[in-house]
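The next block is final.txt, given as compact mmCIF, C-alpha atoms and all ligand atoms.
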# COMPACT_ATOMS: atom_id res chain seq x y z
CA MET A 66 129.59 143.79 -113.97
CA THR A 67 128.67 147.22 -115.29
CA THR A 68 130.67 148.39 -118.18
CA THR A 69 131.76 151.97 -118.54
CA HIS A 70 132.46 152.46 -122.17
CA VAL A 71 133.79 155.85 -123.04
CA THR A 72 133.58 157.02 -126.63
CA PRO A 73 136.79 158.38 -128.08
CA ALA A 74 137.25 162.12 -128.18
CA ASP A 75 139.87 163.58 -130.55
CA THR A 76 142.85 162.46 -128.55
CA ASP A 77 141.39 159.67 -126.46
CA LEU A 78 141.51 156.01 -127.19
CA PRO A 79 138.30 154.15 -126.40
CA HIS A 80 138.61 152.84 -122.86
CA TRP A 81 136.77 150.63 -120.43
CA GLU A 82 137.42 151.18 -116.73
CA THR A 83 135.72 147.87 -115.90
CA PRO A 84 135.95 144.76 -118.08
CA PRO A 85 133.89 145.18 -121.27
CA ASP A 86 130.88 142.88 -121.63
CA ASP A 87 131.77 142.03 -125.21
CA LEU A 88 135.48 141.28 -125.09
CA PRO A 89 136.03 140.45 -128.81
CA ALA A 90 134.25 143.64 -129.87
CA ALA A 91 136.24 145.75 -127.42
CA ILE A 92 139.52 144.18 -128.53
CA ARG A 93 138.69 144.93 -132.18
CA GLU A 94 137.76 148.50 -131.30
CA VAL A 95 140.80 149.29 -129.18
CA LYS A 96 143.22 147.63 -131.60
CA SER A 97 141.90 149.58 -134.53
CA ALA A 98 142.05 152.85 -132.56
CA ILE A 99 145.65 152.22 -131.42
CA ARG A 100 146.69 151.29 -134.96
CA ALA A 101 145.15 154.49 -136.29
CA ARG A 102 146.89 156.56 -133.66
CA ILE A 103 150.27 154.96 -134.38
CA GLU A 104 149.78 155.49 -138.12
CA ALA A 105 149.00 159.16 -137.52
CA SER A 106 152.66 159.47 -136.51
CA GLY A 107 153.65 158.77 -140.12
CA ARG A 108 154.93 155.23 -139.53
CA THR A 109 153.07 151.96 -139.87
CA VAL A 110 152.50 149.62 -136.95
CA ALA A 111 154.91 147.16 -138.57
CA GLU A 112 157.63 149.85 -138.75
CA VAL A 113 157.16 150.82 -135.12
CA PHE A 114 157.17 147.18 -134.04
CA ALA A 115 160.38 146.60 -136.00
CA VAL A 116 162.10 149.26 -133.88
CA VAL A 117 161.07 147.44 -130.70
CA GLU A 118 162.00 144.07 -132.11
CA ALA A 119 165.49 145.25 -133.08
CA ARG A 120 166.08 146.72 -129.62
CA VAL A 121 164.90 143.57 -127.90
CA ALA A 122 166.79 141.28 -130.31
CA GLU A 123 170.01 143.07 -129.39
CA ARG A 124 169.41 142.32 -125.73
CA VAL A 125 168.47 138.72 -126.44
CA ALA A 126 171.75 138.23 -128.35
CA GLU A 127 173.69 139.81 -125.48
CA ILE A 128 172.03 137.52 -122.92
CA ARG A 129 172.63 134.40 -125.02
CA ALA A 130 176.28 135.36 -125.44
CA ALA A 131 176.68 135.91 -121.70
CA ARG A 132 175.14 132.51 -121.04
CA GLU A 133 177.45 130.85 -123.56
CA ARG A 134 180.45 132.44 -121.86
CA GLY A 135 179.20 130.84 -118.64
CA GLU A 136 178.43 134.20 -117.00
CA ASP A 137 175.54 134.85 -114.65
CA VAL A 138 172.79 136.73 -116.43
CA TRP A 139 171.23 137.90 -113.17
CA PRO A 140 173.04 140.83 -111.53
CA VAL A 141 174.09 140.16 -107.94
CA ILE A 142 174.68 142.86 -105.32
CA ASP A 143 175.79 142.27 -101.74
CA TYR A 144 173.51 143.71 -99.11
CA ALA A 145 176.56 145.10 -97.34
CA ASP A 146 177.24 147.34 -100.36
CA ILE A 147 173.66 148.58 -100.40
CA GLU A 148 173.80 149.35 -96.68
CA GLN A 149 177.15 151.15 -96.95
CA GLY A 150 176.28 152.98 -100.17
CA THR A 151 179.12 151.31 -102.07
CA VAL A 152 177.09 149.85 -104.95
CA THR A 153 179.00 150.77 -108.11
CA PRO A 154 177.49 152.61 -111.10
CA GLU A 155 178.23 149.46 -113.16
CA GLN A 156 176.16 147.35 -110.79
CA LEU A 157 173.25 149.80 -111.00
CA GLU A 158 173.55 149.85 -114.78
CA ALA A 159 173.34 146.04 -114.81
CA LEU A 160 170.26 146.16 -112.57
CA ARG A 161 168.50 148.56 -114.93
CA ARG A 162 169.60 146.72 -118.06
CA ARG A 163 168.43 143.32 -116.80
CA GLY A 164 165.56 144.52 -114.61
CA CYS A 165 166.31 141.87 -112.01
CA LEU A 166 168.59 141.33 -109.06
CA VAL A 167 169.78 138.92 -106.42
CA VAL A 168 170.65 140.60 -103.13
CA ARG A 169 173.24 138.41 -101.42
CA GLY A 170 173.08 138.28 -97.65
CA HIS A 171 170.00 140.52 -97.53
CA PHE A 172 169.39 138.87 -94.17
CA PRO A 173 171.85 136.78 -92.16
CA ARG A 174 171.40 133.13 -93.07
CA GLU A 175 170.66 132.17 -89.44
CA GLN A 176 167.91 134.80 -89.34
CA ALA A 177 166.26 133.39 -92.48
CA LEU A 178 166.50 129.81 -91.19
CA ALA A 179 165.03 130.91 -87.87
CA TRP A 180 162.13 132.56 -89.73
CA ASP A 181 161.59 129.34 -91.67
CA ALA A 182 161.50 127.33 -88.44
CA GLY A 183 159.22 129.97 -86.92
CA ILE A 184 156.76 129.53 -89.77
CA VAL A 185 156.71 125.77 -89.22
CA ASP A 186 155.99 126.29 -85.50
CA TYR A 187 153.33 128.85 -86.34
CA VAL A 188 151.39 126.65 -88.77
CA GLU A 189 151.87 123.39 -86.83
CA GLY A 190 151.02 124.99 -83.49
CA ASN A 191 147.77 126.19 -85.02
CA ALA A 192 146.91 122.83 -86.64
CA PHE A 193 147.03 124.32 -90.13
CA PHE A 194 147.63 121.03 -91.93
CA GLU A 195 144.78 119.27 -90.09
CA ASN A 196 142.42 122.08 -91.08
CA TYR A 197 143.72 122.76 -94.58
CA ARG A 198 140.80 122.79 -97.02
CA GLY A 199 142.72 122.62 -100.29
CA PRO A 200 143.87 125.39 -102.62
CA GLY A 201 141.68 128.47 -102.50
CA ASP A 202 142.53 129.23 -106.11
CA ASP A 203 144.00 127.32 -109.01
CA PHE A 204 146.93 129.64 -109.63
CA PHE A 205 149.54 127.38 -108.02
CA GLY A 206 149.21 123.62 -108.08
CA SER A 207 149.74 121.70 -104.88
CA VAL A 208 151.62 118.49 -104.35
CA GLY A 209 150.40 115.75 -102.05
CA SER A 210 148.19 116.52 -99.09
CA LYS A 211 150.26 119.37 -97.69
CA PRO A 212 150.17 122.57 -99.68
CA GLU A 213 153.30 124.16 -101.12
CA ILE A 214 151.74 127.58 -100.97
CA TYR A 215 150.67 128.44 -97.45
CA PRO A 216 147.84 131.01 -97.45
CA VAL A 217 149.40 132.53 -94.35
CA TYR A 218 150.04 136.27 -94.22
CA TRP A 219 150.52 137.39 -90.64
CA SER A 220 153.21 135.22 -89.09
CA PRO A 221 155.79 136.98 -86.93
CA ALA A 222 158.42 135.92 -89.50
CA GLN A 223 156.68 137.61 -92.43
CA MET A 224 155.90 140.79 -90.56
CA GLU A 225 159.38 141.07 -89.08
CA ALA A 226 160.85 140.80 -92.56
CA ARG A 227 158.34 143.24 -94.10
CA GLN A 228 158.95 145.95 -91.53
CA SER A 229 162.69 145.41 -91.18
CA GLU A 230 165.23 148.13 -91.78
CA ARG A 231 167.06 145.84 -94.19
CA MET A 232 163.95 145.34 -96.31
CA ALA A 233 163.29 149.09 -96.42
CA THR A 234 166.89 149.76 -97.47
CA VAL A 235 166.70 147.38 -100.43
CA GLN A 236 163.23 148.57 -101.46
CA SER A 237 164.46 152.18 -101.52
CA LEU A 238 167.35 151.25 -103.81
CA LEU A 239 165.03 149.35 -106.16
CA ASN A 240 162.39 152.09 -106.20
CA ALA A 241 165.06 154.68 -106.93
CA GLN A 242 165.68 153.02 -110.32
CA TRP A 243 162.30 154.35 -111.42
CA THR A 244 161.50 157.93 -112.41
CA HIS A 245 158.96 158.59 -109.69
CA GLU A 246 158.52 162.32 -110.18
CA SER A 247 157.58 164.07 -113.42
CA ASP A 248 155.25 166.84 -114.64
CA GLY A 249 155.15 168.17 -111.08
CA VAL A 250 153.66 164.92 -109.77
CA GLN A 251 155.25 162.56 -107.29
CA TRP A 252 153.94 159.25 -108.62
CA PHE A 253 155.15 157.34 -105.59
CA ASP A 254 157.29 157.76 -102.48
CA PRO A 255 160.40 155.60 -102.98
CA ASP A 256 161.19 155.52 -99.27
CA ARG A 257 157.88 154.30 -97.90
CA ASP A 258 156.64 150.79 -98.64
CA SER A 259 153.05 149.62 -98.23
CA LEU A 260 153.98 146.18 -96.85
CA TYR A 261 151.99 144.26 -99.48
CA PRO A 262 151.03 141.01 -97.71
CA ASP A 263 151.54 137.85 -99.73
CA ARG A 264 151.93 134.15 -99.04
CA ILE A 265 154.71 131.67 -98.26
CA ARG A 266 155.97 128.81 -100.38
CA ARG A 267 157.54 125.78 -98.72
CA ARG A 268 158.37 123.05 -101.22
CA PRO A 269 159.81 119.94 -99.58
CA PRO A 270 162.72 117.76 -100.65
CA GLY A 271 161.63 115.09 -103.12
CA ALA A 272 158.83 117.25 -104.54
CA ASP A 273 157.83 117.02 -108.18
CA SER A 274 156.44 120.22 -109.62
CA ASN A 275 155.29 121.26 -113.08
CA GLY A 276 156.44 124.79 -112.36
CA LEU A 277 154.66 127.80 -113.82
CA GLY A 278 154.56 128.76 -117.49
CA ALA A 279 156.04 132.04 -118.76
CA HIS A 280 153.74 134.94 -117.94
CA CYS A 281 153.71 138.48 -116.65
CA ASP A 282 151.64 139.99 -113.86
CA PRO A 283 151.01 143.74 -114.28
CA GLY A 284 147.53 143.26 -115.75
CA THR A 285 145.60 141.71 -118.63
CA LEU A 286 143.37 143.47 -121.16
CA ASP A 287 143.31 146.49 -118.85
CA LEU A 288 146.85 147.23 -120.06
CA TRP A 289 145.36 148.25 -123.43
CA MET A 290 141.86 149.19 -122.32
CA THR A 291 141.99 151.48 -119.29
CA GLN A 292 142.83 155.13 -119.46
CA GLY A 293 145.55 154.94 -116.81
CA TYR A 294 147.50 152.32 -118.70
CA GLN A 295 146.87 154.02 -122.04
CA GLN A 296 148.59 157.05 -120.55
CA ALA A 297 151.36 154.98 -118.97
CA PHE A 298 152.04 153.27 -122.30
CA ARG A 299 151.42 156.45 -124.31
CA HIS A 300 154.71 156.16 -126.21
CA LEU A 301 153.84 152.65 -127.36
CA PHE A 302 150.43 153.71 -128.61
CA ASP A 303 151.31 156.90 -130.50
CA GLY A 304 154.33 155.92 -132.57
CA SER A 305 156.92 157.61 -130.32
CA VAL A 306 158.22 154.22 -129.22
CA GLU A 307 161.82 155.44 -128.98
CA GLN A 308 160.72 157.44 -125.92
CA TYR A 309 159.15 154.48 -124.13
CA ASP A 310 160.88 153.99 -120.78
CA PRO A 311 160.06 150.93 -118.70
CA TRP A 312 161.27 152.82 -115.60
CA ASP A 313 158.82 155.70 -115.95
CA ALA A 314 156.18 155.53 -113.20
CA ALA A 315 154.00 158.27 -114.71
CA HIS A 316 150.32 157.26 -114.69
CA ARG A 317 151.08 153.81 -113.36
CA THR A 318 150.09 154.32 -109.76
CA SER A 319 146.50 155.48 -109.84
CA GLY A 320 144.50 153.25 -112.13
CA PRO A 321 142.30 150.27 -111.34
CA GLN A 322 143.04 146.74 -112.45
CA TYR A 323 140.43 144.42 -113.92
CA PRO A 324 139.38 142.00 -111.20
CA GLY A 325 140.51 138.38 -111.37
CA THR A 326 141.97 135.59 -109.29
CA THR A 327 145.52 136.57 -110.16
CA MET A 328 145.12 140.32 -109.74
CA CYS A 329 147.35 142.49 -107.64
CA SER A 330 145.70 145.67 -106.38
CA ALA A 331 149.03 147.21 -105.53
CA PHE A 332 151.54 148.90 -107.78
CA ARG A 333 154.83 147.05 -107.41
CA THR A 334 158.06 148.45 -108.79
CA PHE A 335 159.58 145.00 -108.36
CA GLN A 336 158.20 141.65 -107.45
CA GLY A 337 160.35 139.75 -105.04
CA TRP A 338 160.89 137.03 -102.54
CA THR A 339 163.27 136.28 -99.72
CA ALA A 340 164.83 132.83 -99.60
CA LEU A 341 164.21 130.83 -96.42
CA SER A 342 166.27 127.85 -97.58
CA ASP A 343 169.28 127.32 -99.80
CA MET A 344 168.20 126.60 -103.39
CA ASP A 345 170.35 125.43 -106.28
CA HIS A 346 169.78 126.94 -109.71
CA ASP A 347 168.58 123.63 -111.20
CA GLN A 348 165.92 122.83 -108.59
CA GLY A 349 162.80 124.29 -110.18
CA VAL A 350 163.67 127.93 -109.62
CA LEU A 351 162.47 131.27 -110.94
CA HIS A 352 163.39 132.37 -114.46
CA THR A 353 162.83 135.75 -116.10
CA VAL A 354 163.16 137.27 -119.53
CA PRO A 355 165.58 139.87 -118.15
CA ILE A 356 164.70 142.63 -120.60
CA PRO A 357 162.46 145.37 -119.17
CA GLU A 358 161.76 146.75 -122.67
CA ALA A 359 160.20 143.42 -123.65
CA MET A 360 156.96 144.95 -122.38
CA ALA A 361 156.88 147.10 -125.52
CA TYR A 362 157.08 143.92 -127.57
CA LEU A 363 154.26 142.28 -125.59
CA MET A 364 152.04 145.32 -125.95
CA LEU A 365 152.56 145.91 -129.68
CA ARG A 366 152.76 142.33 -130.94
CA PRO A 367 148.94 141.86 -131.02
CA LEU A 368 148.62 144.81 -133.42
CA LEU A 369 150.45 143.05 -136.25
CA ASP A 370 148.46 141.69 -139.18
CA ASP A 371 148.99 138.00 -138.45
CA VAL A 372 147.02 138.18 -135.19
CA PRO A 373 143.22 137.82 -135.52
CA ASP A 374 141.43 141.13 -134.95
CA ASP A 375 139.70 139.99 -131.79
CA ASP A 376 142.79 138.39 -130.24
CA MET A 377 145.44 140.00 -128.01
CA CYS A 378 147.94 137.13 -128.45
CA GLY A 379 145.97 135.09 -125.95
CA VAL A 380 145.60 137.76 -123.25
CA THR A 381 142.14 137.81 -121.73
CA THR A 382 140.54 138.81 -118.44
CA ASN A 383 140.75 136.66 -115.32
CA GLN A 384 143.72 134.67 -116.59
CA VAL A 385 147.37 135.33 -116.27
CA PHE A 386 149.04 137.21 -119.19
CA PRO A 387 150.82 134.46 -121.17
CA ALA A 388 154.10 134.70 -123.04
CA SER A 389 154.10 131.97 -125.67
CA GLU A 390 156.26 130.22 -128.22
CA ARG A 391 153.54 131.02 -130.75
CA TRP A 392 153.67 134.81 -130.38
CA HIS A 393 156.86 135.60 -128.49
CA PRO A 394 159.56 133.08 -129.46
CA LEU A 395 162.27 135.76 -129.58
CA LEU A 396 161.59 136.81 -125.99
CA LEU A 397 161.57 133.27 -124.63
CA GLU A 398 165.08 132.69 -126.00
CA ALA A 399 166.29 134.99 -123.22
CA LEU A 400 164.59 133.14 -120.35
CA SER A 401 167.28 132.93 -117.65
CA GLY A 402 167.19 131.33 -114.23
CA ILE A 403 168.49 132.70 -110.96
CA PRO A 404 171.89 131.54 -109.75
CA ASP A 405 172.17 129.34 -106.63
CA VAL A 406 170.77 131.25 -103.68
CA ARG A 407 171.19 130.77 -99.95
CA ALA A 408 168.72 131.35 -97.15
CA GLY A 409 168.64 135.09 -96.52
CA ASP A 410 169.28 136.14 -100.12
CA SER A 411 166.45 137.95 -101.88
CA VAL A 412 165.40 137.91 -105.53
CA TRP A 413 163.75 140.79 -107.42
CA TRP A 414 162.36 141.41 -110.89
CA HIS A 415 160.75 144.43 -112.62
CA CYS A 416 156.98 144.25 -112.28
CA ASP A 417 156.35 144.02 -116.04
CA MET A 418 158.85 141.30 -116.77
CA ILE A 419 158.03 137.84 -118.07
CA HIS A 420 158.83 135.12 -115.55
CA SER A 421 158.33 131.40 -115.06
CA VAL A 422 159.16 128.70 -112.58
CA ALA A 423 161.03 125.70 -113.99
CA PRO A 424 159.64 122.22 -113.42
CA VAL A 425 161.49 119.88 -111.07
CA THR A 426 161.37 116.20 -110.21
CA ASP A 427 162.66 114.84 -106.94
CA GLN A 428 163.75 118.25 -105.72
CA GLN A 429 166.97 118.31 -103.75
CA GLY A 430 166.61 120.32 -100.56
CA TRP A 431 163.80 122.64 -99.57
CA GLY A 432 162.47 125.45 -101.77
CA ASN A 433 161.16 127.98 -99.26
CA VAL A 434 160.41 131.63 -99.88
CA MET A 435 158.45 134.54 -98.43
CA TYR A 436 156.95 136.69 -101.19
CA ILE A 437 157.75 140.31 -100.33
CA PRO A 438 157.70 142.82 -103.20
CA ALA A 439 158.54 146.53 -103.38
CA ALA A 440 155.18 148.31 -103.34
CA PRO A 441 155.92 151.96 -102.63
CA TRP A 442 153.39 154.36 -101.18
CA CYS A 443 151.19 155.90 -103.91
CA GLU A 444 147.52 156.61 -104.53
CA ARG A 445 146.80 153.05 -105.56
CA ASN A 446 148.69 151.43 -102.70
CA GLU A 447 147.23 153.82 -100.15
CA ARG A 448 143.76 152.73 -101.28
CA TYR A 449 144.63 149.05 -100.91
CA ALA A 450 146.37 149.69 -97.56
CA ALA A 451 142.97 150.43 -96.02
CA SER A 452 141.81 146.85 -96.63
CA VAL A 453 145.23 145.47 -95.68
CA ARG A 454 144.95 147.22 -92.31
CA GLU A 455 141.61 145.59 -91.64
CA ALA A 456 142.88 142.17 -92.70
CA PHE A 457 145.91 142.61 -90.45
CA LEU A 458 143.85 143.58 -87.42
CA SER A 459 141.40 140.67 -87.83
CA GLY A 460 143.94 138.11 -89.11
CA SER A 461 142.01 137.69 -92.37
CA SER A 462 143.31 136.92 -95.84
CA PRO A 463 144.05 140.18 -97.69
CA SER A 464 141.38 141.07 -100.25
CA ASP A 465 143.60 140.25 -103.26
CA PHE A 466 143.60 136.60 -102.15
CA PRO A 467 140.97 133.89 -101.64
CA GLU A 468 138.99 134.33 -98.40
CA GLU A 469 140.56 131.46 -96.53
CA ASP A 470 141.08 133.33 -93.28
CA TYR A 471 142.98 130.58 -91.47
CA GLU A 472 144.77 132.90 -89.09
CA ARG A 473 141.82 134.70 -87.50
CA SER A 474 141.86 132.51 -84.40
CA TRP A 475 145.63 131.96 -84.24
CA PRO A 476 146.75 133.60 -81.00
CA ASP A 477 150.43 134.00 -81.90
CA ARG A 478 150.03 135.95 -85.13
CA PHE A 479 151.96 139.21 -85.32
CA ALA A 480 150.28 141.76 -83.05
CA PRO A 481 149.67 145.47 -83.71
CA GLU A 482 151.83 146.43 -80.72
CA GLN A 483 154.79 144.68 -82.39
CA LEU A 484 154.73 147.12 -85.31
CA ASN A 485 157.69 149.46 -85.55
CA ASP A 486 157.62 152.84 -87.30
CA THR A 487 158.15 151.28 -90.73
CA GLY A 488 155.32 148.84 -90.11
CA ARG A 489 152.94 151.53 -88.90
CA ARG A 490 153.76 153.81 -91.82
CA GLY A 491 153.42 150.93 -94.26
CA LEU A 492 149.95 150.08 -93.04
CA GLY A 493 148.98 153.74 -93.00
CA LEU A 494 148.57 153.80 -89.22
CA ASP A 495 150.71 156.93 -88.72
FE FE B 1 153.76 135.77 -111.68
Structure re-expressed in structure tokens:
Amino acid sequence: MTTTHVTPADTDLPHWETPPDDLPAAIREVKSAIRARIEASGRTVAEVFAVVEARVAERVAEIRAARERGEDVWPVIDYADIEQGTVTPEQLEALRRRGCLVVRGHFPREQALAWDAGIVDYVEGNAFFENYRGPGDDFFGSVGSKPEIYPVYWSPAQMEARQSERMATVQSLLNAQWTHESDGVQWFDPDRDSLYPDRIRRRPPGADSNGLGAHCDPGTLDLWMTQGYQQAFRHLFDGSVEQYDPWDAAHRTSGPQYPGTTMCSAFRTFQGWTALSDMDHDQGVLHTVPIPEAMAYLMLRPLLDDVPDDDMCGVTTNQVFPASERWHPLLLEALSGIPDVRAGDSVWWHCDMIHSVAPVTDQQGWGNVMYIPAAPWCERNERYAASVREAFLSGSSPSDFPEEDYERSWPDRFAPEQLNDTGRRGLGLD
């Protein structure tokens, strides 16, 4: 890996557009430069962090109180209201405050169950389980001989959902929560999605799962070390933290991401999945820290004096960004699970937010989802769409994922002539 190390000019932080060869040295260098820049504002790093901590602590207290009153922490909006334009300002305010959402009845339940059955036919008809070679990466564990995560991207069910009118309608509403135009730049197009292809999870009744620890997905050391992110997080790095806005897309949609097994080449406003089975809230489901501003806490915490100079609170390249009891106990107090969902509901969370999957033993019922995020058209997603197009046409695994390529010879995968206008636009074919 070649390293591009750029020396700081007057206003630049040192930055590395590819992972630095000497990580500890680069961490020391960038931390000291960010500290100096914050201190140039007239406040210490500790003072600036205290502002963030107070803001986040207020939200944590509010979430704990809501939980104690027995209220749902996750906002819920009916798809019918999104379709008819009758979502209330209060509901939108809750979405922005919590950064997450359940869309009830996003698809008719029968439709979602039919998609689930269609996926079973698709993989069984193509002898997927007989040919399964084990997990292509170690990001998700698998239980027993059948995988939980199917590295399948091009089933009719997935593509029908991705290019559906209903999906586009919800994605537009979610994207519209972001400021996508500023300084004369349109950072992304809120009404055109890039159809980011991802996998399927089907977790059977009786499954035991360790779940997934609390983490976030927008990047790793690149969040501090690349110029794009330094610009995106400019208010965190120059002492003007009061102006930091987690919904500001400026400078977020061009930059590269350091490569790694858990990377996502696309810019996603929200991560999401669509439920293909009913799932109760206590059956190993998704949790988030529903505080979009917690990102400011995650980004500034490593700059405090109690963290070793060459440590970013455990963040390193090629591993998922951890949120830990050691460094982020306040944030983890707010970890809140989704309510019960039914097949056809969808679940969304702001791309920067901490999330986890709870462990479960002897799961009751299925736990089936299609991962479909909101990845609006922008420079970065247009670039990735070129490789997605190729993967789609040849039935290969998309380049963000292990090269497992199961579907290349499967005759009933979704065909190019089945694309509608949304599908063609999303793949950049029009
Ligand atoms: Fe994740």
For this session: Collect all residues with atoms no farther than 8 Å from ligand FE 1 (chain B), counting all atoms listed in the file, and output them as a PyMOL selection string.
Result: chain A and resi 280-282+385+419-421
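Considering the residues A:Asp181, A:Asp371, A:Asp87, A:Asp303 and counting only C-alpha atoms, A:Ala101 has its shortest atom-to-atom contact with A:Asp303.
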Problem set entry | Spatial neighbours of stretch 316-328 of chain A, 10 Å, all atoms listed in the file, chain gap at least 6 places, as a ChimeraX atom specification | /A:81-85,201-204,245,250,252-253,282-288,290-299,334,382-386,441-448,465-467
Using 9 Å as the limit and counting only C-alpha atoms, can you tabulate each residue of stretch 397-483 of chain A that touches stretch 351-354 of chain A, with its shortest atom-to-atom distance in Å and the two atoms involved, as a tab-separated table?
residue	atom	partner	partner_atom	distance
A:Leu397	CA	A:Val354	CA	6.7
A:Glu398	CA	A:Val354	CA	8.2
A:Ala399	CA	A:Val354	CA	5.3
A:Leu400	CA	A:Val354	CA	4.4
A:Ser401	CA	A:His352	CA	5.1
A:Gly402	CA	A:His352	CA	3.9
A:Ile403	CA	A:Leu351	CA	6.2
A:Trp414	CA	A:Thr353	CA	7.7
A:Met418	CA	A:Val354	CA	6.5
A:Ile419	CA	A:Val354	CA	5.4
A:His420	CA	A:Thr353	CA	4.1
A:Ser421	CA	A:His352	CA	5.2
A:Val422	CA	A:Leu351	CA	4.5
A:Ala423	CA	A:Leu351	CA	6.5
The selected residues should be written to file as an mmCIF file, in the frame of the given file (atoms: C-alpha atoms).
data_model
loop_
_atom_site.group_PDB
_atom_site.id
_atom_site.type_symbol
_atom_site.label_atom_id
_atom_site.label_comp_id
_atom_site.auth_asym_id
_atom_site.auth_seq_id
_atom_site.Cartn_x
_atom_site.Cartn_y
_atom_site.Cartn_z
ATOM 1 C CA LEU A 397 161.570 133.270 -124.630
ATOM 2 C CA GLU A 398 165.080 132.690 -126.000
ATOM 3 C CA ALA A 399 166.290 134.990 -123.220
ATOM 4 C CA LEU A 400 164.590 133.140 -120.350
ATOM 5 C CA SER A 401 167.280 132.930 -117.650
ATOM 6 C CA GLY A 402 167.190 131.330 -114.230
ATOM 7 C CA ILE A 403 168.490 132.700 -110.960
ATOM 8 C CA TRP A 414 162.360 141.410 -110.890
ATOM 9 C CA MET A 418 158.850 141.300 -116.770
ATOM 10 C CA ILE A 419 158.030 137.840 -118.070
ATOM 11 C CA HIS A 420 158.830 135.120 -115.550
ATOM 12 C CA SER A 421 158.330 131.400 -115.060
ATOM 13 C CA VAL A 422 159.160 128.700 -112.580
ATOM 14 C CA ALA A 423 161.030 125.700 -113.990
#
Problem set entry | Residue with smallest distance to A:Leu277 - pool A:Val350, A:Val117, A:Asn433, A:Pro404, counting all atoms listed in the file | A:Val350
Problem set entry | Residue contacts of A:Asp370 (12 Å, only C-alpha atoms) excluding same-chain residues fewer than 6 positions away, as a VMD selection string | chain A and resid 96 to 97 100 109 to 111 114 376 to 378
For this session: May I ask which of the residues A:Ala315, A:Cys329, A:Pro357, A:Ile265 is the closest one to A:Gln251, counting only C-alpha atoms?
Result: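 Smallest separation from A:Gln251 among the options: A:Ala315.
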To box stretch 300-306 of chain A, take all atoms listed in the file, fit an axis-aligned box, add 4 Å on each side, and give centre and edge lengths in Å to one decimal, as lines of an AutoDock Vina configuration file.
center_x = 154.3
center_y = 155.1
center_z = -129.4
size_x = 15.8
size_y = 13.0
size_z = 14.4
Exercise. Can you tell me how far atom CA of A:Ile356 sits from atom CA of A:Arg163, in Å to one decimal?
Worked result: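 If I compute the distance from atom CA of A:Ile356 to atom CA of A:Arg163, I get 5.4 Å.
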Exercise. If we count only C-alpha atoms, what is near A:Ser106 at a cut-off of 12 Å, once residues fewer than 5 positions away on the same chain are taken out, given as a list in words?
Worked result: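 Skipping anything fewer than 5 positions along the chain leaves Ile99, Arg100, Ala101, Glu112, Val113, His300, Leu301, Phe302, Asp303, Gly304, Ser305 and Val306 of chain A.
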Problem set entry | Interatomic distance (Å, one decimal) between atom CA of A:Arg257 and atom CA of A:Trp413 |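 Computing the Euclidean distance for atom CA of A:Arg257 and atom CA of A:Trp413 yields 17.5 Å.
The gap separating atom CA of A:Met360 from atom CA of A:Arg227 is 28.4 Å, in Å to one decimal.
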Exercise. Using all atoms listed in the file, which residue out of A:Arg169, A:Asp374, A:Ser462, A:Ala177 lies closest to A:Ala90?
Worked result: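 Among the listed residues, A:Asp374 lies closest to A:Ala90.
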For this session: Find the residues around A:Ala145 up to 12 Å (all atoms listed in the file counted), leave out those fewer than 6 positions away in its own chain, and share them as number ranges by chain.
Result: A: 151-152, 168-173, 231, 234-235, 410
For this session: Excluding A:Val141 and any residue of its chain fewer than 3 positions from it, enumerate the residues within 9 Å of it, using only C-alpha atoms, and give them as JSON, numbers by chain.
Result: {"A": [137, 156, 160, 165, 166, 167, 168, 169]}
Exercise. Using only C-alpha atoms, which residue out of A:Pro438, A:Pro79, A:Pro255, A:Ser237 lies closest to A:Glu148?
Worked result: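 The closest residue to A:Glu148 is A:Ser237.
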Exercise. A:Ala359, A:Ala480, A:Val217, A:Ala279: which is nearest A:Tyr197, counting only C-alpha atoms?
Worked result: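 Ranked by minimum distance to A:Tyr197, first place goes to A:Val217.
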Problem set entry | Expected answer as a ChimeraX atom specification: all residues with atoms within 8 Å of (166.2, 121.8, -109.8), all atoms listed in the file | /A:345-350,423-426,428-429
Go ahead and write the residues just picked, C-alpha atoms, as a PDB file, in the frame of the given file.
ATOM      1  CA  ASP A 345     170.350 125.430-106.280  1.00  0.00           C
ATOM      2  CA  HIS A 346     169.780 126.940-109.710  1.00  0.00           C
ATOM      3  CA  ASP A 347     168.580 123.630-111.200  1.00  0.00           C
ATOM      4  CA  GLN A 348     165.920 122.830-108.590  1.00  0.00           C
ATOM      5  CA  GLY A 349     162.800 124.290-110.180  1.00  0.00           C
ATOM      6  CA  VAL A 350     163.670 127.930-109.620  1.00  0.00           C
ATOM      7  CA  ALA A 423     161.030 125.700-113.990  1.00  0.00           C
ATOM      8  CA  PRO A 424     159.640 122.220-113.420  1.00  0.00           C
ATOM      9  CA  VAL A 425     161.490 119.880-111.070  1.00  0.00           C
ATOM     10  CA  THR A 426     161.370 116.200-110.210  1.00  0.00           C
ATOM     11  CA  GLN A 428     163.750 118.250-105.720  1.00  0.00           C
ATOM     12  CA  GLN A 429     166.970 118.310-103.750  1.00  0.00           C
TER      13      GLN A 429
END
Exercise. Mind listing as a ChimeraX atom specification all residues within 7 Å of (141.5, 133.9, -89.0), counting all atoms listed in the file?
Worked result: /A:459-461,470-475
